[in-house]
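S.K.: The structure under discussion is supplied below as structure tokens; questions concerning it will follow.
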Amino acid sequence: MALLSTTDFPHEIVKTEGFAHKRIDLHSHTTYSDGTLSPQSLIDRASNFQIDVLAITDHDTVAGLDIAQKHIEDKKIPLKLIAGIEISTAWQGFEIHIVGLNIDKTNSDLQTLIVRQQQAREQRAISMGEKLAICGFPTIYHDAKELAGQGSITRAHFAKILHRDGHVSTMQQAFDKYIGKKGSKGQRAYVKPNWCSIEEAVKAIHQAGGSAVMAHPIRYDLSAKWLRRLIIHFSEVAGDGLEVVLPQMNPEQRAKMLAYCQEYNLLASMGSDFHYPNKWSDLGRNLTMPVGAKPVWAQWQ
Ligand code: AMP
Ligand code: MN
Ligand code: MN
Ligand code: MN
């Protein structure tokens, strides 16, 4: 299958899709959730990498967007910021992430959902703190809360503290040993979250005028049969598109995601899911939209 690089997007194609930009990354995080860069630093990094279009998609919050936009305007950075969010949802016992793109972040339905999701995050963090205290880490809730600051608290914050304090050798090990969900009950300090449904997330994103995209479909550890069920459900509740391009995906996986898009008439999105600078992936890197995909941004103009 022919692949188009975002660096050499032919102009005619961009024009026909109504989007006049070239380097596009529609999934990234800041310190307002579990990213390590402030909105300003993230924008500076995107600008250094000559990214034209960047979506900030923090977990269940839109709090970093205004600061990022103000920074773009103050510094006159030639970057189009797409207002986004990544909403955690529950489906059949799995945690599925739905990205909202090009949203009106002030929409009241979306705001209501955000408040509910933040309450679910706080409750889960408290319960996780209690379980981890029993595991021998009595101050971890306090420490994770402090690290999260004014941003959404996530399991990544707990994993970072466990790693920082030398209780695990990698963040992944924190998930494997304590807070991850492998098997039916999860690890010792796993707490079942109280997320909204996929349908509720899609509805709120649509109320806010945005496009609803299923984040990283390959990362849910689903068999082919279950992944297909998930995609069918997503399209039945009016989901708009799939992330068909992530830096870690191999060509077969991209082809498979594109085939799902075509089969279920879904649009295609792409993003790095950038959390922090590392040697495996970065903003805008390795993002290539397969020929034949209908990009999600075609909906926006
Ligand atoms: P939460 O939204 O509180 O469930 O936190 C999940 C976040 O932790 C994800 O968005 C990832 O950024 C991060 N993470 C890192 N490693 C893992 C893992 N093995 N399983 C789940 N989440 C992980
Ligand atoms: Mn994350
Ligand atoms: Mn995610
Ligand atoms: Mn993400």
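Simple scheme: letters A, B, ... for chains in structure tokens order, numbers from 1 for residues in each chain, numbers from 1 for ligands in the order shown.
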Going by DSSP on the backbone, which bits of segment 65-242 of chain A are strand (DSSP E or B)? Write them as a VMD selection string, please.
M.R.: chain A and resid 80 to 91 94 to 101 196 to 197 211 to 214 241 to 242
S.K.: Going by DSSP on the backbone, which bits of segment 79-284 of chain A are alpha helix (DSSP H)? Write them as a ChimeraX atom specification, please.
M.R.: /A:108-134,140-148,155-164,171-174,198-207,224-236,251-263
S.K.: Next, the residues of the selection above should be written as a PDB file, in the first residue's frame with C-alpha atoms.
M.R.:
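Output file again_13.pdb is given in full below:
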ATOM      1  CA  SER A 108     -22.167  22.728  28.433  1.00  0.00           C
ATOM      2  CA  ASP A 109     -22.759  19.019  27.667  1.00  0.00           C
ATOM      3  CA  LEU A 110     -19.046  18.504  27.302  1.00  0.00           C
ATOM      4  CA  GLN A 111     -18.365  20.474  30.482  1.00  0.00           C
ATOM      5  CA  THR A 112     -20.878  18.333  32.393  1.00  0.00           C
ATOM      6  CA  LEU A 113     -19.185  15.159  31.194  1.00  0.00           C
ATOM      7  CA  ILE A 114     -15.755  16.536  32.126  1.00  0.00           C
ATOM      8  CA  VAL A 115     -16.914  17.260  35.687  1.00  0.00           C
ATOM      9  CA  ARG A 116     -18.255  13.716  35.998  1.00  0.00           C
ATOM     10  CA  GLN A 117     -15.060  12.188  34.616  1.00  0.00           C
ATOM     11  CA  GLN A 118     -12.942  14.283  36.978  1.00  0.00           C
ATOM     12  CA  GLN A 119     -14.996  12.997  39.919  1.00  0.00           C
ATOM     13  CA  ALA A 120     -14.450   9.434  38.687  1.00  0.00           C
ATOM     14  CA  ARG A 121     -10.706  10.130  38.433  1.00  0.00           C
ATOM     15  CA  GLU A 122     -10.573  11.537  41.953  1.00  0.00           C
ATOM     16  CA  GLN A 123     -12.507   8.587  43.422  1.00  0.00           C
ATOM     17  CA  ARG A 124     -10.298   6.110  41.621  1.00  0.00           C
ATOM     18  CA  ALA A 125      -7.152   7.893  42.795  1.00  0.00           C
ATOM     19  CA  ILE A 126      -8.357   7.782  46.408  1.00  0.00           C
ATOM     20  CA  SER A 127      -9.133   4.036  46.198  1.00  0.00           C
ATOM     21  CA  MET A 128      -5.839   3.359  44.435  1.00  0.00           C
ATOM     22  CA  GLY A 129      -4.061   5.289  47.191  1.00  0.00           C
ATOM     23  CA  GLU A 130      -5.761   3.117  49.826  1.00  0.00           C
ATOM     24  CA  LYS A 131      -4.748  -0.096  48.073  1.00  0.00           C
ATOM     25  CA  LEU A 132      -1.189   1.100  47.524  1.00  0.00           C
ATOM     26  CA  ALA A 133      -0.956   2.118  51.190  1.00  0.00           C
ATOM     27  CA  ILE A 134      -1.653  -1.527  52.058  1.00  0.00           C
ATOM     28  CA  ILE A 140       1.442   7.790  47.492  1.00  0.00           C
ATOM     29  CA  TYR A 141      -1.976   9.408  47.073  1.00  0.00           C
ATOM     30  CA  HIS A 142      -0.606  12.668  48.437  1.00  0.00           C
ATOM     31  CA  ASP A 143       2.523  12.416  46.247  1.00  0.00           C
ATOM     32  CA  ALA A 144       0.578  11.581  43.076  1.00  0.00           C
ATOM     33  CA  LYS A 145      -1.854  14.413  43.762  1.00  0.00           C
ATOM     34  CA  GLU A 146       1.025  16.836  44.197  1.00  0.00           C
ATOM     35  CA  LEU A 147       2.615  15.663  40.951  1.00  0.00           C
ATOM     36  CA  ALA A 148      -0.662  16.004  39.044  1.00  0.00           C
ATOM     37  CA  ARG A 155      -2.418   6.135  36.891  1.00  0.00           C
ATOM     38  CA  ALA A 156       0.670   7.459  35.119  1.00  0.00           C
ATOM     39  CA  HIS A 157       1.194   9.816  38.084  1.00  0.00           C
ATOM     40  CA  PHE A 158       1.119   6.881  40.515  1.00  0.00           C
ATOM     41  CA  ALA A 159       3.503   4.949  38.248  1.00  0.00           C
ATOM     42  CA  LYS A 160       5.887   7.918  38.107  1.00  0.00           C
ATOM     43  CA  ILE A 161       6.009   8.173  41.910  1.00  0.00           C
ATOM     44  CA  LEU A 162       6.600   4.424  42.334  1.00  0.00           C
ATOM     45  CA  HIS A 163       9.413   4.726  39.809  1.00  0.00           C
ATOM     46  CA  ARG A 164      10.849   7.951  41.264  1.00  0.00           C
ATOM     47  CA  MET A 171       6.869   2.795  34.812  1.00  0.00           C
ATOM     48  CA  GLN A 172       5.613  -0.253  32.961  1.00  0.00           C
ATOM     49  CA  GLN A 173       6.549  -2.356  35.982  1.00  0.00           C
ATOM     50  CA  ALA A 174       4.264  -0.209  38.145  1.00  0.00           C
ATOM     51  CA  ILE A 198     -18.502   5.256  24.524  1.00  0.00           C
ATOM     52  CA  GLU A 199     -21.906   6.524  23.445  1.00  0.00           C
ATOM     53  CA  GLU A 200     -21.908   9.265  26.096  1.00  0.00           C
ATOM     54  CA  ALA A 201     -18.425  10.391  25.066  1.00  0.00           C
ATOM     55  CA  VAL A 202     -19.345  10.481  21.355  1.00  0.00           C
ATOM     56  CA  LYS A 203     -22.549  12.400  22.122  1.00  0.00           C
ATOM     57  CA  ALA A 204     -20.766  15.029  24.231  1.00  0.00           C
ATOM     58  CA  ILE A 205     -18.105  15.491  21.538  1.00  0.00           C
ATOM     59  CA  HIS A 206     -20.819  15.914  18.891  1.00  0.00           C
ATOM     60  CA  GLN A 207     -22.734  18.377  21.089  1.00  0.00           C
ATOM     61  CA  ALA A 224      -9.434  -9.570  16.225  1.00  0.00           C
ATOM     62  CA  LYS A 225     -12.990 -10.651  17.012  1.00  0.00           C
ATOM     63  CA  TRP A 226     -13.344  -8.257  19.949  1.00  0.00           C
ATOM     64  CA  LEU A 227     -11.677  -5.381  18.117  1.00  0.00           C
ATOM     65  CA  ARG A 228     -14.188  -5.778  15.297  1.00  0.00           C
ATOM     66  CA  ARG A 229     -17.034  -5.799  17.830  1.00  0.00           C
ATOM     67  CA  LEU A 230     -15.652  -2.625  19.369  1.00  0.00           C
ATOM     68  CA  ILE A 231     -15.392  -0.881  15.995  1.00  0.00           C
ATOM     69  CA  ILE A 232     -18.922  -1.955  15.051  1.00  0.00           C
ATOM     70  CA  HIS A 233     -20.225  -0.625  18.375  1.00  0.00           C
ATOM     71  CA  PHE A 234     -18.305   2.628  17.909  1.00  0.00           C
ATOM     72  CA  SER A 235     -19.736   3.157  14.448  1.00  0.00           C
ATOM     73  CA  GLU A 236     -23.267   2.242  15.655  1.00  0.00           C
ATOM     74  CA  PRO A 251       2.431  -1.239   7.918  1.00  0.00           C
ATOM     75  CA  GLU A 252       0.178  -4.286   8.359  1.00  0.00           C
ATOM     76  CA  GLN A 253      -1.530  -2.727  11.349  1.00  0.00           C
ATOM     77  CA  ARG A 254      -2.073   0.521   9.432  1.00  0.00           C
ATOM     78  CA  ALA A 255      -3.499  -1.414   6.494  1.00  0.00           C
ATOM     79  CA  LYS A 256      -5.824  -3.278   8.840  1.00  0.00           C
ATOM     80  CA  MET A 257      -7.061  -0.055  10.460  1.00  0.00           C
ATOM     81  CA  LEU A 258      -7.601   1.491   7.038  1.00  0.00           C
ATOM     82  CA  ALA A 259      -9.597  -1.573   5.983  1.00  0.00           C
ATOM     83  CA  TYR A 260     -11.813  -1.171   9.074  1.00  0.00           C
ATOM     84  CA  CYS A 261     -12.350   2.499   8.150  1.00  0.00           C
ATOM     85  CA  GLN A 262     -13.402   1.534   4.665  1.00  0.00           C
ATOM     86  CA  GLU A 263     -15.610  -1.331   5.819  1.00  0.00           C
TER      87      GLU A 263
END
S.K.: So, with only C-alpha atoms as the atoms that count, which of A:Gly186, A:Pro217, A:Gly151, A:Gly136 lies closest to Ser33 of chain A?
M.R.: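 Of A:Gly186, A:Pro217, A:Gly151, A:Gly136, the one nearest Ser33 of chain A is A:Gly151, counting only C-alpha atoms.
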S.K.: Give me, as number ranges by chain, the set of residues whose atoms come within 8 Å of any atom of ligand 4, counting only C-alpha atoms and all ligand atoms.
M.R.: A: 27-29, 57-59, 86, 97, 215, 273-275
S.K.: For those residues, write N, CA, C and O atoms to a file as a PDB file, in the first residue's frame.
M.R.:
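So selection.pdb came out as:
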ATOM      1  N   HIS A  27      -2.824  14.136  18.361  1.00  0.00           N
ATOM      2  CA  HIS A  27      -2.947  13.480  19.680  1.00  0.00           C
ATOM      3  C   HIS A  27      -1.705  13.800  20.518  1.00  0.00           C
ATOM      4  O   HIS A  27      -0.609  13.328  20.212  1.00  0.00           O
ATOM      5  N   SER A  28      -1.890  14.625  21.561  1.00  0.00           N
ATOM      6  CA  SER A  28      -0.738  14.951  22.418  1.00  0.00           C
ATOM      7  C   SER A  28      -1.202  15.366  23.812  1.00  0.00           C
ATOM      8  O   SER A  28      -2.357  15.754  24.006  1.00  0.00           O
ATOM      9  N   HIS A  29      -0.278  15.263  24.755  1.00  0.00           N
ATOM     10  CA  HIS A  29      -0.596  15.544  26.168  1.00  0.00           C
ATOM     11  C   HIS A  29       0.326  16.595  26.774  1.00  0.00           C
ATOM     12  O   HIS A  29       1.482  16.734  26.367  1.00  0.00           O
ATOM     13  N   THR A  57      -4.772  16.888  23.427  1.00  0.00           N
ATOM     14  CA  THR A  57      -5.863  15.978  23.789  1.00  0.00           C
ATOM     15  C   THR A  57      -5.608  15.398  25.191  1.00  0.00           C
ATOM     16  O   THR A  57      -5.348  14.206  25.330  1.00  0.00           O
ATOM     17  N   ASP A  58      -5.665  16.255  26.200  1.00  0.00           N
ATOM     18  CA  ASP A  58      -5.393  15.772  27.556  1.00  0.00           C
ATOM     19  C   ASP A  58      -6.540  14.894  28.049  1.00  0.00           C
ATOM     20  O   ASP A  58      -7.681  15.016  27.601  1.00  0.00           O
ATOM     21  N   HIS A  59      -6.209  14.019  29.006  1.00  0.00           N
ATOM     22  CA  HIS A  59      -7.192  13.070  29.529  1.00  0.00           C
ATOM     23  C   HIS A  59      -8.294  13.792  30.308  1.00  0.00           C
ATOM     24  O   HIS A  59      -8.055  14.363  31.380  1.00  0.00           O
ATOM     25  N   GLU A  86      -9.124  13.745  25.330  1.00  0.00           N
ATOM     26  CA  GLU A  86      -9.157  12.278  25.254  1.00  0.00           C
ATOM     27  C   GLU A  86     -10.022  11.792  26.406  1.00  0.00           C
ATOM     28  O   GLU A  86      -9.646  11.963  27.575  1.00  0.00           O
ATOM     29  N   HIS A  97     -10.348   4.628  24.899  1.00  0.00           N
ATOM     30  CA  HIS A  97     -10.155   6.083  24.868  1.00  0.00           C
ATOM     31  C   HIS A  97     -10.744   6.685  23.596  1.00  0.00           C
ATOM     32  O   HIS A  97     -10.441   6.231  22.492  1.00  0.00           O
ATOM     33  N   ALA A 215      -9.180   6.313  19.932  1.00  0.00           N
ATOM     34  CA  ALA A 215      -7.724   6.393  20.086  1.00  0.00           C
ATOM     35  C   ALA A 215      -7.099   5.001  19.996  1.00  0.00           C
ATOM     36  O   ALA A 215      -7.723   4.010  20.392  1.00  0.00           O
ATOM     37  N   ASP A 273       0.352  10.636  20.165  1.00  0.00           N
ATOM     38  CA  ASP A 273       0.072  10.360  21.583  1.00  0.00           C
ATOM     39  C   ASP A 273       1.302  10.736  22.414  1.00  0.00           C
ATOM     40  O   ASP A 273       1.707  10.027  23.329  1.00  0.00           O
ATOM     41  N   PHE A 274       1.861  11.886  22.078  1.00  0.00           N
ATOM     42  CA  PHE A 274       3.081  12.363  22.740  1.00  0.00           C
ATOM     43  C   PHE A 274       2.810  12.664  24.213  1.00  0.00           C
ATOM     44  O   PHE A 274       1.876  13.384  24.544  1.00  0.00           O
ATOM     45  N   HIS A 275       3.650  12.073  25.090  1.00  0.00           N
ATOM     46  CA  HIS A 275       3.576  12.371  26.528  1.00  0.00           C
ATOM     47  C   HIS A 275       4.847  13.065  27.024  1.00  0.00           C
ATOM     48  O   HIS A 275       4.783  13.927  27.890  1.00  0.00           O
TER      49      HIS A 275
END
S.K.: Looking at A:Gly209, A:Pro277, A:Asn48, A:Asp34, which one is nearest to Gly149 of chain A, with distances taken over only C-alpha atoms?
M.R.: A:Asp34
S.K.: I'd like the contact shell of Asp25 of chain A - 6 Å cut-off, only C-alpha atoms, skipping same-chain residues fewer than 5 positions apart - returned as a list in words.
M.R.: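 Contacts, in chain order: Leu54, Gly271 and Gly284 of chain A.
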S.K.: Now that the selection is made, can you save its residues with C-alpha atoms as a PDB file, in the first residue's frame?
M.R.:
ATOM      1  CA  LEU A  54      -1.406  20.139  16.536  1.00  0.00           C
ATOM      2  CA  GLY A 271      -1.313  11.327  16.122  1.00  0.00           C
ATOM      3  CA  GLY A 284       4.698  14.579  14.277  1.00  0.00           C
TER       4      GLY A 284
END
S.K.: Provide the atom CA of Trp300 of chain A to atom CA of Val213 of chain A distance in Å, to one decimal place.
M.R.: 13.6 Å
S.K.: Which neighbours of Tyr276 of chain A fall inside 7 Å, counting only C-alpha atoms, when residues of the same chain fewer than 2 positions from it are skipped, and could you give them as a VMD selection string?
M.R.: chain A and resid 35 to 37 274 278
S.K.: Mind dumping the selected residues with all heavy atoms as a tab-separated table (two decimals), in the first residue's frame?
M.R.:
chain	number	residue	atom	x	y	z
A	35	GLY	N	1.15	14.39	30.58
A	35	GLY	CA	2.32	14.79	29.79
A	35	GLY	C	3.32	15.50	30.69
A	35	GLY	O	2.95	16.01	31.75
A	36	THR	N	4.57	15.55	30.25
A	36	THR	CA	5.57	16.22	31.11
A	36	THR	C	5.87	17.65	30.66
A	36	THR	O	6.55	18.38	31.36
A	36	THR	CB	6.89	15.43	31.18
A	36	THR	OG1	7.37	15.27	29.85
A	36	THR	CG2	6.71	14.07	31.82
A	37	LEU	N	5.40	18.06	29.49
A	37	LEU	CA	5.64	19.43	29.04
A	37	LEU	C	4.42	20.31	29.30
A	37	LEU	O	3.29	19.89	29.09
A	37	LEU	CB	5.96	19.46	27.54
A	37	LEU	CG	7.16	18.66	27.03
A	37	LEU	CD1	7.42	18.96	25.55
A	37	LEU	CD2	8.42	18.94	27.84
A	274	PHE	N	1.86	11.89	22.08
A	274	PHE	CA	3.08	12.36	22.74
A	274	PHE	C	2.81	12.66	24.21
A	274	PHE	O	1.88	13.38	24.54
A	274	PHE	CB	3.58	13.63	22.03
A	274	PHE	CG	4.80	14.24	22.65
A	274	PHE	CD1	6.06	13.80	22.31
A	274	PHE	CD2	4.68	15.27	23.58
A	274	PHE	CE1	7.20	14.37	22.89
A	274	PHE	CE2	5.80	15.84	24.16
A	274	PHE	CZ	7.07	15.38	23.81
A	278	ASN	N	11.19	11.24	24.10
A	278	ASN	CA	11.91	9.97	24.26
A	278	ASN	C	12.41	9.53	22.89
A	278	ASN	O	12.04	10.12	21.87
A	278	ASN	CB	11.00	8.90	24.88
A	278	ASN	CG	9.86	8.52	23.97
A	278	ASN	OD1	10.03	7.78	23.02
A	278	ASN	ND2	8.68	9.08	24.25
S.K.: Calculated over only C-alpha atoms, which of the candidates A:Ile96, A:Ile72, A:Ser272, A:Leu79 has the smallest distance to Thr288 of chain A?
M.R.: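 Answer, going by the shortest atom-to-atom distance: A:Ser272.
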S.K.: Which residue is closest to ligand 2? Choose from A:Phe137, A:Trp280, A:Tyr190, A:Tyr32 and count only C-alpha atoms and all ligand atoms.
M.R.: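 The shortest atom-to-atom distance to ligand 2 comes from A:Tyr32.
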S.K.: Using only C-alpha atoms and all ligand atoms, pick whichever of A:Ile51, A:Ile179, A:Ile82, A:Leu26 has the shortest atom-to-atom distance to ligand 1.
M.R.: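 The shortest atom-to-atom distance to ligand 1 comes from A:Ile179.
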S.K.: May I ask which of the residues A:Asp176, A:Asp165, A:Glu95, A:Asp66 is the closest one to ligand 3, counting only C-alpha atoms and all ligand atoms?
M.R.: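 Going through A:Asp176, A:Asp165, A:Glu95, A:Asp66 one by one, the smallest distance to ligand 3 is for A:Glu95.
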S.K.: Just give me the gap between atom CA of Val191 of chain A and atom 23 (C, counted along the ligand's line) of ligand 1 in Å, one decimal is fine.
M.R.: 13.7 Å
S.K.: Find the distance between atom CA of Gln187 of chain A and atom 16 (N, counted along the ligand's line) of ligand 1 and write it in Å to one decimal.
M.R.: 13.6 Å
